[in-house]
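Colleague: Supplied in structure tokens, the structure appears directly below.
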Amino acid sequence: MNTEYKAREAAKIYETRDYGMFEFYAGNRNINPVKVKDLLRSFNERYYPVPIIVDHQRRVLDGQHRLEAAKLGGFPVSFLVLDDIVPTQVIRQLNTGQKP
């Protein structure tokens, strides 16, 4: 099987337990404690690190509940830094169709 792809590297995913390096973006929804507890329970059953998305200032654009659950459980946080975008457009696009 040929494993070569016609692709370029678009981004890198990082991992940390330094939760204090992140801040929430003002346009994000409020944290729902029930959702955080549900995610933590899921992490405890089978941890699968879906990266949070942050801007170059490490403001969380998407994944604030995953960040809070990882923090509560002591799990590492995977994150993807998006530099060349307007944060409000990303938040709107990522949250389209989700319940408030």
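Within each chain, counting starts at residue 1; across the structure tokens, chains are named A, B, ... in the order shown, with ligands numbered 1 upward in that order.
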I'd like the contact shell of Ile13 in chain A - 9 Å cut-off, only C-alpha atoms, skipping same-chain residues fewer than 5 positions apart - returned as a list in words.
Modeller: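 Surrounding residues, per the criterion: Pro51, Ser78, Phe79, Leu80 and Val81 of chain A.
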Colleague: Could the residues in this selection be saved with N, CA, C and O atoms as a PDB file, in the first residue's frame?
Modeller:
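File written: part.pdb
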ATOM      1  N   PRO A  51      -7.742  17.838  19.897  1.00  0.00           N
ATOM      2  CA  PRO A  51      -7.107  19.126  20.198  1.00  0.00           C
ATOM      3  C   PRO A  51      -8.104  20.275  20.339  1.00  0.00           C
ATOM      4  O   PRO A  51      -9.108  20.327  19.648  1.00  0.00           O
ATOM      5  N   SER A  78      -4.151  18.673  24.257  1.00  0.00           N
ATOM      6  CA  SER A  78      -3.613  18.812  22.909  1.00  0.00           C
ATOM      7  C   SER A  78      -4.190  20.090  22.336  1.00  0.00           C
ATOM      8  O   SER A  78      -5.370  20.388  22.538  1.00  0.00           O
ATOM      9  N   PHE A  79      -3.344  20.864  21.635  1.00  0.00           N
ATOM     10  CA  PHE A  79      -3.854  22.105  21.066  1.00  0.00           C
ATOM     11  C   PHE A  79      -3.218  22.404  19.727  1.00  0.00           C
ATOM     12  O   PHE A  79      -2.097  22.018  19.443  1.00  0.00           O
ATOM     13  N   LEU A  80      -3.997  23.086  18.919  1.00  0.00           N
ATOM     14  CA  LEU A  80      -3.622  23.489  17.572  1.00  0.00           C
ATOM     15  C   LEU A  80      -3.671  25.005  17.530  1.00  0.00           C
ATOM     16  O   LEU A  80      -4.661  25.604  17.952  1.00  0.00           O
ATOM     17  N   VAL A  81      -2.585  25.624  17.067  1.00  0.00           N
ATOM     18  CA  VAL A  81      -2.520  27.080  17.008  1.00  0.00           C
ATOM     19  C   VAL A  81      -2.846  27.533  15.586  1.00  0.00           C
ATOM     20  O   VAL A  81      -2.195  27.110  14.631  1.00  0.00           O
TER      21      VAL A  81
END
Colleague: Enumerate as a list in words all residues of chain A assigned to strand (DSSP E) by DSSP on the backbone, naming them with the chain letters and numbers the document uses.
Modeller: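 Of chain A, the ones in strand (DSSP E) are Ile13, Tyr14, Glu15, Thr16, Glu23, Phe24, Ile52, Ile53, Val54, Arg59, Val60, Leu61, Asp62, Val77, Ser78, Phe79, Leu80 and Val81 of chain A.
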Colleague: Could you work out how far CA of Arg41 in chain A lies from CA of Leu61 in chain A, giving the answer in Å with one decimal?
Modeller: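 These two atoms are separated by 23.0 Å.
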Colleague: Write down as JSON, numbers by chain the residues of chain A whose backbone DSSP state falls under alpha helix (DSSP H).
Modeller: {"A": [33, 34, 35, 36, 37, 38, 39, 40, 41, 42, 43, 44, 45, 64, 65, 66, 67, 68, 69, 70, 71, 72, 73, 87, 88, 89, 90, 91, 92, 93, 94]}
Colleague: Would you mind exporting C-alpha atoms of the selected residues as a PDB file, in the first residue's frame?
Modeller:
ATOM      1  CA  PRO A  33     -20.303  22.425  34.402  1.00  0.00           C
ATOM      2  CA  VAL A  34     -22.486  19.441  33.466  1.00  0.00           C
ATOM      3  CA  LYS A  35     -20.808  19.170  30.066  1.00  0.00           C
ATOM      4  CA  VAL A  36     -17.375  19.393  31.713  1.00  0.00           C
ATOM      5  CA  LYS A  37     -18.256  16.564  34.128  1.00  0.00           C
ATOM      6  CA  ASP A  38     -19.594  14.435  31.252  1.00  0.00           C
ATOM      7  CA  LEU A  39     -16.381  14.988  29.301  1.00  0.00           C
ATOM      8  CA  LEU A  40     -14.277  14.142  32.351  1.00  0.00           C
ATOM      9  CA  ARG A  41     -16.211  10.902  32.806  1.00  0.00           C
ATOM     10  CA  SER A  42     -15.588  10.123  29.139  1.00  0.00           C
ATOM     11  CA  PHE A  43     -11.870  10.934  29.520  1.00  0.00           C
ATOM     12  CA  ASN A  44     -11.665   8.577  32.506  1.00  0.00           C
ATOM     13  CA  GLU A  45     -13.220   5.758  30.479  1.00  0.00           C
ATOM     14  CA  GLN A  64     -13.070  25.279  26.302  1.00  0.00           C
ATOM     15  CA  HIS A  65     -15.051  22.377  27.805  1.00  0.00           C
ATOM     16  CA  ARG A  66     -12.337  19.880  26.815  1.00  0.00           C
ATOM     17  CA  LEU A  67      -9.739  22.165  28.414  1.00  0.00           C
ATOM     18  CA  GLU A  68     -11.699  22.389  31.671  1.00  0.00           C
ATOM     19  CA  ALA A  69     -12.282  18.609  31.766  1.00  0.00           C
ATOM     20  CA  ALA A  70      -8.590  17.913  31.122  1.00  0.00           C
ATOM     21  CA  LYS A  71      -7.674  20.363  33.865  1.00  0.00           C
ATOM     22  CA  LEU A  72     -10.038  18.689  36.373  1.00  0.00           C
ATOM     23  CA  GLY A  73      -8.743  15.218  35.533  1.00  0.00           C
ATOM     24  CA  PRO A  87     -10.921  34.636  15.747  1.00  0.00           C
ATOM     25  CA  THR A  88     -14.556  35.750  15.649  1.00  0.00           C
ATOM     26  CA  GLN A  89     -15.013  34.170  12.229  1.00  0.00           C
ATOM     27  CA  VAL A  90     -13.520  30.906  13.465  1.00  0.00           C
ATOM     28  CA  ILE A  91     -15.688  30.810  16.573  1.00  0.00           C
ATOM     29  CA  ARG A  92     -18.804  31.465  14.526  1.00  0.00           C
ATOM     30  CA  GLN A  93     -17.872  28.763  12.023  1.00  0.00           C
ATOM     31  CA  LEU A  94     -16.957  26.164  14.663  1.00  0.00           C
TER      32      LEU A  94
END
Colleague: Can you tell me which residues surround Phe22 in chain A at a distance of at most 8 Å, considering only C-alpha atoms, apart from same-chain residues fewer than 3 positions away, and format the answer as a list in words?
Modeller: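 My reading of the contact set: Tyr19, Arg58, Arg59 and Val60 of chain A.
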Colleague: My list of candidates is A:Gly20, A:Lys6, A:Ala11, A:Pro76. Which is closest to Tyr48 in chain A when distances are computed with only C-alpha atoms?
Modeller: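 Of A:Gly20, A:Lys6, A:Ala11, A:Pro76, the one nearest Tyr48 in chain A, counting only C-alpha atoms, is A:Pro76.
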Colleague: Counting only C-alpha atoms, figure out which residue out of A:Asp18, A:Glu9, A:Glu4, A:Val77 gets nearest to Ile53 in chain A.
Modeller: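 Residue with the minimum atom-to-atom distance to Ile53 in chain A: A:Val77.
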